[in-house]
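With CSV, C-alpha atoms and all ligand atoms inside, this is my_file_6.csv:
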```
chain,number,residue,atom,x,y,z
A,1,MET,CA,92.2,111.5,181.4
A,2,SER,CA,95.0,114.0,180.6
A,3,LYS,CA,94.3,117.0,178.4
A,4,ASN,CA,96.3,115.4,175.6
A,5,LYS,CA,94.4,112.2,175.7
A,6,LEU,CA,91.1,114.1,175.8
A,7,MET,CA,92.2,116.0,172.7
A,8,ILE,CA,93.1,112.8,170.9
A,9,VAL,CA,89.7,111.1,171.7
A,10,THR,CA,87.9,114.3,170.6
A,11,LEU,CA,89.8,114.3,167.3
A,12,ILE,CA,89.1,110.6,166.6
A,13,LEU,CA,85.4,111.2,167.3
A,14,LEU,CA,85.3,114.3,165.0
A,15,THR,CA,87.1,112.4,162.2
A,16,ALA,CA,84.6,109.5,162.5
A,17,PHE,CA,81.7,111.9,162.2
A,18,ALA,CA,83.3,113.6,159.3
A,19,LEU,CA,83.8,110.3,157.5
A,20,VAL,CA,80.2,109.2,158.0
A,21,PHE,CA,78.6,112.5,157.0
A,22,THR,CA,80.8,113.2,153.9
A,23,GLY,CA,80.3,109.7,152.6
A,24,CYS,CA,84.0,108.9,152.7
A,25,GLY,CA,83.6,105.5,154.4
A,26,ALA,CA,85.4,102.6,152.7
A,27,ASP,CA,82.2,101.2,151.2
A,28,GLU,CA,80.7,104.4,149.9
A,29,PRO,CA,82.7,105.4,146.8
A,30,ALA,CA,82.2,102.1,145.1
A,31,GLU,CA,78.4,102.4,145.4
A,32,VAL,CA,78.3,105.9,144.3
A,33,GLU,CA,80.7,105.6,141.4
A,34,GLU,CA,79.8,102.2,140.0
A,35,PRO,CA,76.6,103.0,138.2
A,36,VAL,CA,78.4,105.9,136.4
A,37,ASP,CA,81.1,103.5,135.2
A,38,VAL,CA,78.6,100.9,133.9
A,39,GLU,CA,76.5,103.4,132.1
A,40,GLU,CA,76.8,104.8,128.5
A,41,PRO,CA,80.5,105.1,127.6
A,42,ALA,CA,81.3,101.4,127.5
A,43,GLU,CA,78.4,100.6,125.2
A,44,THR,CA,79.0,103.4,122.7
A,45,GLU,CA,82.7,103.0,122.5
A,46,GLU,CA,83.1,99.3,121.8
A,47,PRO,CA,81.1,98.9,118.6
A,48,ALA,CA,82.8,102.0,117.2
A,49,GLU,CA,86.2,100.5,117.8
A,50,VAL,CA,85.3,97.2,116.1
A,51,GLU,CA,83.8,99.0,113.2
A,52,GLU,CA,87.0,101.0,112.7
A,53,MET,CA,89.1,97.8,112.7
A,54,GLU,CA,86.9,95.8,110.4
A,55,GLY,CA,85.1,98.2,108.3
A,56,SER,CA,87.5,100.7,106.7
A,57,ILE,CA,90.3,100.8,104.2
A,58,SER,CA,93.2,103.2,104.2
A,59,ASP,CA,95.8,101.4,102.0
A,60,ILE,CA,96.2,98.8,99.3
A,61,THR,CA,98.8,96.2,100.3
A,62,GLY,CA,101.1,95.9,97.4
A,63,ILE,CA,104.3,93.9,96.6
A,64,ASP,CA,107.8,94.7,95.3
A,65,PRO,CA,108.1,98.0,93.4
A,66,GLY,CA,109.5,96.4,90.3
A,67,ALA,CA,106.3,94.4,89.7
A,68,GLY,CA,104.1,95.5,86.8
A,69,ILE,CA,101.1,95.2,89.1
A,70,MET,CA,102.4,98.1,91.2
A,71,ALA,CA,102.6,100.4,88.2
A,72,ALA,CA,99.1,99.3,87.2
A,73,THR,CA,97.9,100.0,90.7
A,74,GLU,CA,99.4,103.5,90.7
A,75,GLU,CA,97.5,104.1,87.4
A,76,ALA,CA,94.3,102.7,88.9
A,77,MET,CA,94.7,105.1,91.9
A,78,GLU,CA,94.8,108.0,89.4
A,79,VAL,CA,92.0,106.8,87.1
A,80,TYR,CA,89.6,106.0,89.9
A,81,ASP,CA,90.9,108.9,92.0
A,82,LEU,CA,91.3,106.6,95.0
A,83,ASN,CA,91.9,108.1,98.4
A,84,VAL,CA,94.1,105.3,99.6
A,85,GLY,CA,97.9,104.7,99.8
A,86,LEU,CA,99.8,101.9,98.2
A,87,LEU,CA,102.1,99.9,100.5
A,88,GLU,CA,105.2,98.2,99.1
A,89,SER,CA,106.0,94.7,100.4
A,90,SER,CA,106.6,91.4,98.7
A,91,ASP,CA,104.5,88.5,97.6
A,92,ALA,CA,105.3,86.6,100.8
A,93,ALA,CA,104.6,89.7,103.1
A,94,MET,CA,101.4,90.6,101.2
A,95,THR,CA,100.0,87.0,101.6
A,96,ALA,CA,100.9,87.1,105.3
A,97,GLU,CA,99.0,90.3,105.7
A,98,LEU,CA,96.0,88.8,103.8
A,99,ASP,CA,96.1,85.7,106.1
A,100,ALA,CA,96.2,87.9,109.2
A,101,ALA,CA,93.4,90.2,108.1
A,102,ILE,CA,91.2,87.2,107.2
A,103,ALA,CA,91.9,85.6,110.6
A,104,ASN,CA,90.6,88.8,112.3
A,105,ASP,CA,87.7,89.4,109.8
A,106,GLU,CA,89.3,92.7,108.8
A,107,TRP,CA,89.0,94.4,105.5
A,108,ILE,CA,92.0,94.4,103.2
A,109,ILE,CA,92.7,95.1,99.6
A,110,VAL,CA,95.8,93.5,98.0
A,111,THR,CA,97.4,93.6,94.6
A,112,GLY,CA,96.5,90.1,93.4
A,113,TRP,CA,97.1,87.8,90.5
A,114,SER,CA,96.5,84.4,89.1
A,115,PRO,CA,98.0,81.9,89.0
A,116,HIS,CA,98.6,82.1,92.8
A,117,TRP,CA,97.9,79.7,95.6
A,118,LYS,CA,96.1,82.3,97.7
A,119,PHE,CA,92.9,81.6,95.7
A,120,ALA,CA,93.0,78.0,96.8
A,121,ALA,CA,93.8,78.9,100.4
A,122,PHE,CA,91.3,81.8,101.0
A,123,ASP,CA,87.9,82.8,99.8
A,124,LEU,CA,88.8,85.8,97.6
A,125,LYS,CA,87.3,87.9,94.8
A,126,TYR,CA,88.7,90.3,92.2
A,127,LEU,CA,87.2,93.7,92.4
A,128,GLU,CA,85.5,94.7,89.1
A,129,ASP,CA,87.6,97.1,87.1
A,130,PRO,CA,85.1,99.1,84.9
A,131,GLU,CA,87.9,101.3,83.5
A,132,GLU,CA,89.9,98.2,82.5
A,133,VAL,CA,93.1,99.5,84.0
A,134,TYR,CA,94.4,96.0,84.8
A,135,GLY,CA,93.7,94.7,81.3
A,136,GLY,CA,92.4,91.3,80.4
A,137,GLU,CA,93.7,87.8,80.2
A,138,GLU,CA,97.5,87.5,79.9
A,139,TYR,CA,100.1,84.8,79.1
A,140,ILE,CA,103.3,84.1,80.9
A,141,ALA,CA,106.3,83.9,78.6
A,142,THR,CA,109.8,82.5,78.8
A,143,ILE,CA,112.4,85.1,77.8
A,144,ALA,CA,116.0,84.3,76.9
A,145,ARG,CA,119.1,86.4,76.1
A,146,GLN,CA,120.2,86.7,72.5
A,147,GLY,CA,122.6,83.9,71.6
A,148,LEU,CA,121.3,81.3,74.1
A,149,GLU,CA,119.9,79.3,71.2
A,150,GLU,CA,123.3,79.1,69.5
A,151,ASP,CA,125.2,78.5,72.7
A,152,HIS,CA,122.9,75.9,74.2
A,153,PRO,CA,120.4,74.7,71.6
A,154,GLU,CA,119.0,71.9,73.8
A,155,VAL,CA,118.4,74.2,76.7
A,156,PHE,CA,116.6,76.6,74.3
A,157,GLN,CA,114.6,73.6,73.1
A,158,LEU,CA,113.6,72.7,76.6
A,159,LEU,CA,112.4,76.3,77.1
A,160,GLU,CA,110.4,76.1,73.8
A,161,ASN,CA,108.7,73.0,75.0
A,162,PHE,CA,108.0,74.1,78.6
A,163,SER,CA,104.3,74.9,79.1
A,164,TRP,CA,102.0,73.9,81.9
A,165,THR,CA,98.4,74.2,83.1
A,166,ASP,CA,96.8,75.9,86.1
A,167,ASP,CA,96.6,72.5,87.9
A,168,GLU,CA,100.3,71.7,87.3
A,169,ILE,CA,101.7,75.0,88.4
A,170,GLY,CA,99.2,75.0,91.2
A,171,GLN,CA,100.5,71.6,92.5
A,172,VAL,CA,104.0,73.1,92.8
A,173,MET,CA,102.8,76.3,94.5
A,174,ASP,CA,100.8,74.3,96.9
A,175,MET,CA,103.8,72.1,97.8
A,176,ASN,CA,105.9,75.3,98.3
A,177,THR,CA,103.3,76.7,100.8
A,178,GLN,CA,103.4,73.5,102.8
A,179,ASN,CA,107.2,73.3,102.8
A,180,SER,CA,109.7,76.0,101.8
A,181,ASP,CA,112.3,73.6,100.5
A,182,PHE,CA,111.5,74.7,96.9
A,183,VAL,CA,114.3,72.6,95.4
A,184,ALA,CA,113.1,69.4,97.1
A,185,ASN,CA,109.5,70.2,96.0
A,186,ALA,CA,110.6,70.7,92.4
A,187,ASP,CA,112.4,67.3,92.5
A,188,GLN,CA,109.4,65.6,93.9
A,189,TRP,CA,107.0,67.2,91.4
A,190,ILE,CA,109.3,66.1,88.6
A,191,ALA,CA,109.4,62.5,89.9
A,192,ASP,CA,105.5,62.6,90.1
A,193,ASN,CA,105.1,64.0,86.6
A,194,SER,CA,107.8,62.3,84.6
A,195,ASP,CA,105.7,61.8,81.5
A,196,LEU,CA,105.1,65.5,81.2
A,197,VAL,CA,108.7,66.4,82.0
A,198,ASP,CA,110.0,63.9,79.5
A,199,SER,CA,107.8,65.5,76.9
A,200,TRP,CA,109.5,68.8,77.5
A,201,THR,CA,113.0,67.4,77.6
A,202,PRO,CA,114.8,67.2,74.2
A,203,GLU,CA,117.1,64.4,73.2
A,204,GLY,CA,120.7,65.3,73.9
A,205,LEU,CA,120.1,67.7,76.8
A,206,GLU,CA,123.4,67.3,78.6
A,207,GLY,CA,125.2,69.9,80.7
A,208,ASN,CA,128.6,68.4,81.5
A,209,GLY,CA,128.9,71.0,84.2
A,210,GLU,CA,128.2,74.0,82.0
A,211,GLU,CA,126.7,77.0,83.8
A,212,ILE,CA,123.2,78.3,83.2
A,213,ASP,CA,122.2,81.6,84.9
A,214,ILE,CA,118.5,82.0,85.6
A,215,LEU,CA,116.9,85.1,87.0
A,216,LEU,CA,113.6,85.4,88.8
A,217,VAL,CA,111.6,87.7,91.1
A,218,GLU,CA,110.3,85.9,94.2
A,219,TRP,CA,106.7,85.8,93.1
A,220,ASP,CA,105.2,82.4,94.0
A,221,CYS,CA,104.5,81.5,90.4
A,222,ALA,CA,108.0,82.4,89.4
A,223,LEU,CA,109.5,80.3,92.2
A,224,ALA,CA,107.5,77.4,91.0
A,225,SER,CA,108.4,77.5,87.3
A,226,THR,CA,112.0,78.5,87.9
A,227,ASN,CA,112.7,75.8,90.4
A,228,VAL,CA,111.2,73.1,88.1
A,229,ILE,CA,113.2,74.2,85.1
A,230,ALA,CA,116.3,74.5,87.2
A,231,ALA,CA,115.9,71.0,88.6
A,232,ILE,CA,115.5,69.6,85.1
A,233,LEU,CA,118.7,71.3,84.0
A,234,ARG,CA,120.5,70.1,87.1
A,235,ASP,CA,119.4,66.5,86.5
A,236,ALA,CA,120.8,66.9,83.0
A,237,GLY,CA,124.2,67.9,84.4
A,238,PHE,CA,124.2,71.7,84.2
A,239,GLU,CA,125.5,73.9,86.9
A,240,VAL,CA,122.5,76.1,87.6
A,241,ASN,CA,122.6,79.5,89.2
A,242,MET,CA,119.2,80.9,90.2
A,243,THR,CA,119.3,84.6,91.3
A,244,PRO,CA,116.3,86.5,92.7
A,245,VAL,CA,116.3,90.1,91.6
A,246,ASP,CA,114.0,93.0,91.1
A,247,GLY,CA,111.7,93.0,88.1
A,248,GLY,CA,113.6,95.7,86.2
A,249,VAL,CA,116.9,94.0,86.9
A,250,MET,CA,115.6,90.7,85.6
A,251,TRP,CA,114.6,92.3,82.2
A,252,SER,CA,117.7,94.5,81.8
A,253,SER,CA,120.2,91.7,82.7
A,254,ILE,CA,118.8,89.4,80.1
A,255,ALA,CA,118.7,92.2,77.6
A,256,GLU,CA,122.4,92.9,78.3
A,257,GLY,CA,123.2,89.2,78.1
A,258,ASP,CA,124.3,88.9,81.7
A,259,ALA,CA,121.9,86.1,82.4
A,260,ASP,CA,120.5,83.3,80.2
A,261,PHE,CA,116.7,83.3,80.7
A,262,MET,CA,113.7,83.8,83.0
A,263,THR,CA,110.3,82.1,82.9
A,264,THR,CA,108.2,84.9,84.3
A,265,ALA,CA,107.4,87.6,81.7
A,266,TRP,CA,103.7,88.6,82.0
A,267,LEU,CA,102.4,89.8,78.6
A,268,PRO,CA,101.0,91.7,76.9
A,269,GLY,CA,99.9,94.0,79.8
A,270,THR,CA,101.7,93.6,83.1
A,271,HIS,CA,105.3,93.8,81.7
A,272,ALA,CA,104.3,96.0,78.8
A,273,SER,CA,106.7,98.7,79.8
A,274,TYR,CA,109.5,96.2,80.1
A,275,ILE,CA,108.9,94.6,76.7
A,276,ASP,CA,108.7,98.1,75.2
A,277,GLN,CA,112.1,99.0,76.7
A,278,PHE,CA,113.9,95.7,76.3
A,279,GLY,CA,111.9,93.7,73.7
A,280,ASP,CA,114.4,94.3,70.9
A,281,ASP,CA,117.3,92.9,72.9
A,282,VAL,CA,115.7,89.7,74.2
A,283,VAL,CA,114.2,86.6,72.6
A,284,GLU,CA,110.6,85.7,73.5
A,285,VAL,CA,111.0,81.9,73.5
A,286,ALA,CA,107.5,80.5,74.2
A,287,THR,CA,104.4,80.9,76.2
A,288,ASN,CA,104.6,78.7,79.3
A,289,TYR,CA,101.2,79.5,80.8
A,290,GLU,CA,97.9,80.9,79.5
A,291,GLY,CA,95.1,82.6,81.4
A,292,ALA,CA,97.0,84.7,83.8
A,293,ARG,CA,95.3,87.8,85.3
A,294,ILE,CA,96.1,90.7,87.6
A,295,GLY,CA,93.9,93.1,89.6
A,296,LEU,CA,92.8,94.2,93.1
A,297,VAL,CA,91.8,91.3,95.3
A,298,VAL,CA,89.8,91.3,98.6
A,299,PRO,CA,88.4,88.6,100.9
A,300,SER,CA,84.8,87.7,99.7
A,301,TYR,CA,83.2,89.1,102.9
A,302,VAL,CA,84.3,92.6,102.0
A,303,PRO,CA,81.1,94.5,101.1
A,304,PHE,CA,82.2,96.1,97.9
A,305,ASN,CA,82.7,94.5,94.5
A,306,SER,CA,84.2,97.2,92.3
A,307,ILE,CA,87.3,99.4,92.4
A,308,ASP,CA,85.0,102.5,91.9
A,309,GLU,CA,83.3,101.7,95.3
A,310,ILE,CA,86.6,101.8,97.3
A,311,ASN,CA,86.4,105.5,98.2
A,312,ASP,CA,83.0,104.9,100.0
A,313,TYR,CA,84.9,102.7,102.5
A,314,VAL,CA,88.0,104.7,103.0
A,315,GLN,CA,88.6,105.6,106.6
B,401,LIG,N1,103.0,89.6,89.3
B,401,LIG,C1,103.3,88.2,89.3
B,401,LIG,C2,104.1,90.1,88.5
B,401,LIG,C3,104.3,89.2,87.4
B,401,LIG,C4,104.1,87.9,88.1
B,401,LIG,C5,101.7,89.8,88.7
B,401,LIG,C6,103.1,90.0,90.7
B,401,LIG,C7,104.1,91.6,88.2
B,401,LIG,O1,105.0,92.1,87.5
B,401,LIG,O2,103.2,92.3,88.6
```

In structure tokens, write the structure found in this file.
Ligand code: PBE
Amino acid sequence: MSKNKLMIVTLILLTAFALVFTGCGADEPAEVEEPVDVEEPAETEEPAEVEEMEGSISDITGIDPGAGIMAATEEAMEVYDLNVGLLESSDAAMTAELDAAIANDEWIIVTGWSPHWKFAAFDLKYLEDPEEVYGGEEYIATIARQGLEEDHPEVFQLLENFSWTDDEIGQVMDMNTQNSDFVANADQWIADNSDLVDSWTPEGLEGNGEEIDILLVEWDCALASTNVIAAILRDAGFEVNMTPVDGGVMWSSIAEGDADFMTTAWLPGTHASYIDQFGDDVVEVATNYEGARIGLVVPSYVPFNSIDEINDYVQ
């Protein structure tokens, strides 16, 4: 054996000894480390994470900023001194958030109101409002521009007659959640409820291509009522324009005579500031729905029942 070879063999032997004595063999580390891994941390961390996800609140999921319920919620945050934020979104985005939270058993607070299909789709509850910030029962009114009655007496008459129940608006909202072709749903609902629709429709309602401009905000209840009235007018030969706008624009445009009417004024509470500002310049035609309500709404499994408990659950 040459000197070099002897050195190499010696080195190999030394390395082998070193590995055995220092515990660096391939098998060793797993055995030494594993128990450490399996111990404490895994068990303590996991429930904490789950609890954070399900069991805390940091925001109220709101809707469009022009909605009266957003102003009411800002007031509620002050009155109850709530340590939460208010997120702006839309009716559609808010209900999508609600759906996702419920699918994951998470806690969520939304700005909620009835009539709305979410109460049929999910198990929900209104939070109690001991300070009565959100007011009591409301009605939904149809509001027209000044002069509509003179310009289109039969259209005005239709609006005076238009009034429906929770079941009836509920059927349309339900169809709209199944299928987003709101125009087709309104046509179908009208065909299925011809007696009721006939009772609203005055003799001599005939459009001959005249234009009618309707405004709405894309709240589900407004989409239901507006599309039904629009379909009746279209069937009668009117050229109907339906324009979705912000709540403030809806009121101001009708007050200025830029649009003919809307079917979604929530009174006396939710749109109180709008009726104060524009009431003298519009015509309150009729009530089209009774028994509306707004408030803060949560899934039934959320462990608090009142707005004044929210702070106890804030993250
Ligand atoms: N809403 C639905 C509206 C009125 C209709 C309650 C979201 C609001 O202005 O708040």

All residues 9 Å or closer to range 112-121 of chain A, only C-alpha atoms, same chain fewer than 4 positions away omitted, as number ranges by chain: A: 62, 69, 95, 98, 125-126, 166, 169-170, 173-174, 177, 219-221, 291-298

d(CA of Asp308 in chain A, CA of Tyr139 in chain A) in Å: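 Result for CA of Asp308 in chain A versus CA of Tyr139 in chain A: 26.6 Å, one decimal.
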
Point-to-point distance from CA of Gly247 in chain A to atom C5 of ligand LIG 401 (chain B), Å rounded to tenths: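 According to the coordinates, CA of Gly247 in chain A and atom C5 of ligand LIG 401 (chain B) are separated by 10.5 Å.
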
Residue nearest Ala101 in chain A among A:Tyr274, A:Phe122, A:Phe156, A:Tyr80 (counting all atoms listed in the file):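 Residue with the minimum atom-to-atom distance to Ala101 in chain A: A:Phe122.
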
Nearest to ligand LIG 401 (chain B) by atom-to-atom distance, counting all atoms listed in the file, from A:Val240, A:Met77, A:Ile108, A:Leu223: A:Leu223

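Compared by their closest atoms to Leu267 in chain A, and using all atoms listed in the file, the residues A:Ala72, A:Val172, A:Leu158, A:Ala141 rank with A:Ala141 nearest.
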
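CA of Phe278 in chain A lies 26.8 Å from CA of Val79 in chain A.
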
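Contact shell of Glu210 in chain A at 12 Å (only C-alpha atoms; same-chain neighbours under 3 positions omitted): Asp151, His152, Val155, Leu205, Glu206, Gly207, Asp213, Leu233, Arg234, Ala236, Gly237, Phe238, Glu239, Val240 and Asn241 of chain A.
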
Among the residues A:Leu86, A:Ile140, A:Ala100, A:Ala230, the one that comes closest to His271 in chain A [using only C-alpha atoms]: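 The answer is A:Ile140, which sits nearest to His271 in chain A.
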
Neighbour list for Ile254 in chain A as number ranges by chain, cut-off 8 Å, all atoms listed in the file, skip fewer than 6 positions in-chain: A: 144-145, 260-261, 282

List as a short mmCIF file (atom, residue, chain, number, x, y, z; two decimals) with C-alpha atoms, in the coordinates of the input the protein and nucleic acid residues near Ala259 in chain A, meaning an atom at most 12 Å away when all atoms listed in the file are counted, but skip any in the same chain fewer than 4 places from it.
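So selection26.cif came out as:
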```
data_model
loop_
_atom_site.label_atom_id
_atom_site.label_comp_id
_atom_site.auth_asym_id
_atom_site.auth_seq_id
_atom_site.Cartn_x
_atom_site.Cartn_y
_atom_site.Cartn_z
CA ILE A 143 112.40 85.10 77.80
CA ALA A 144 116.00 84.30 76.90
CA ARG A 145 119.10 86.40 76.10
CA GLN A 146 120.20 86.70 72.50
CA GLY A 147 122.60 83.90 71.60
CA LEU A 148 121.30 81.30 74.10
CA GLU A 211 126.70 77.00 83.80
CA ILE A 212 123.20 78.30 83.20
CA ASP A 213 122.20 81.60 84.90
CA ILE A 214 118.50 82.00 85.60
CA LEU A 215 116.90 85.10 87.00
CA LEU A 216 113.60 85.40 88.80
CA VAL A 240 122.50 76.10 87.60
CA ASN A 241 122.60 79.50 89.20
CA MET A 242 119.20 80.90 90.20
CA THR A 243 119.30 84.60 91.30
CA PRO A 244 116.30 86.50 92.70
CA VAL A 245 116.30 90.10 91.60
CA VAL A 249 116.90 94.00 86.90
CA MET A 250 115.60 90.70 85.60
CA TRP A 251 114.60 92.30 82.20
CA SER A 252 117.70 94.50 81.80
CA SER A 253 120.20 91.70 82.70
CA ILE A 254 118.80 89.40 80.10
CA ALA A 255 118.70 92.20 77.60
CA VAL A 282 115.70 89.70 74.20
#
```
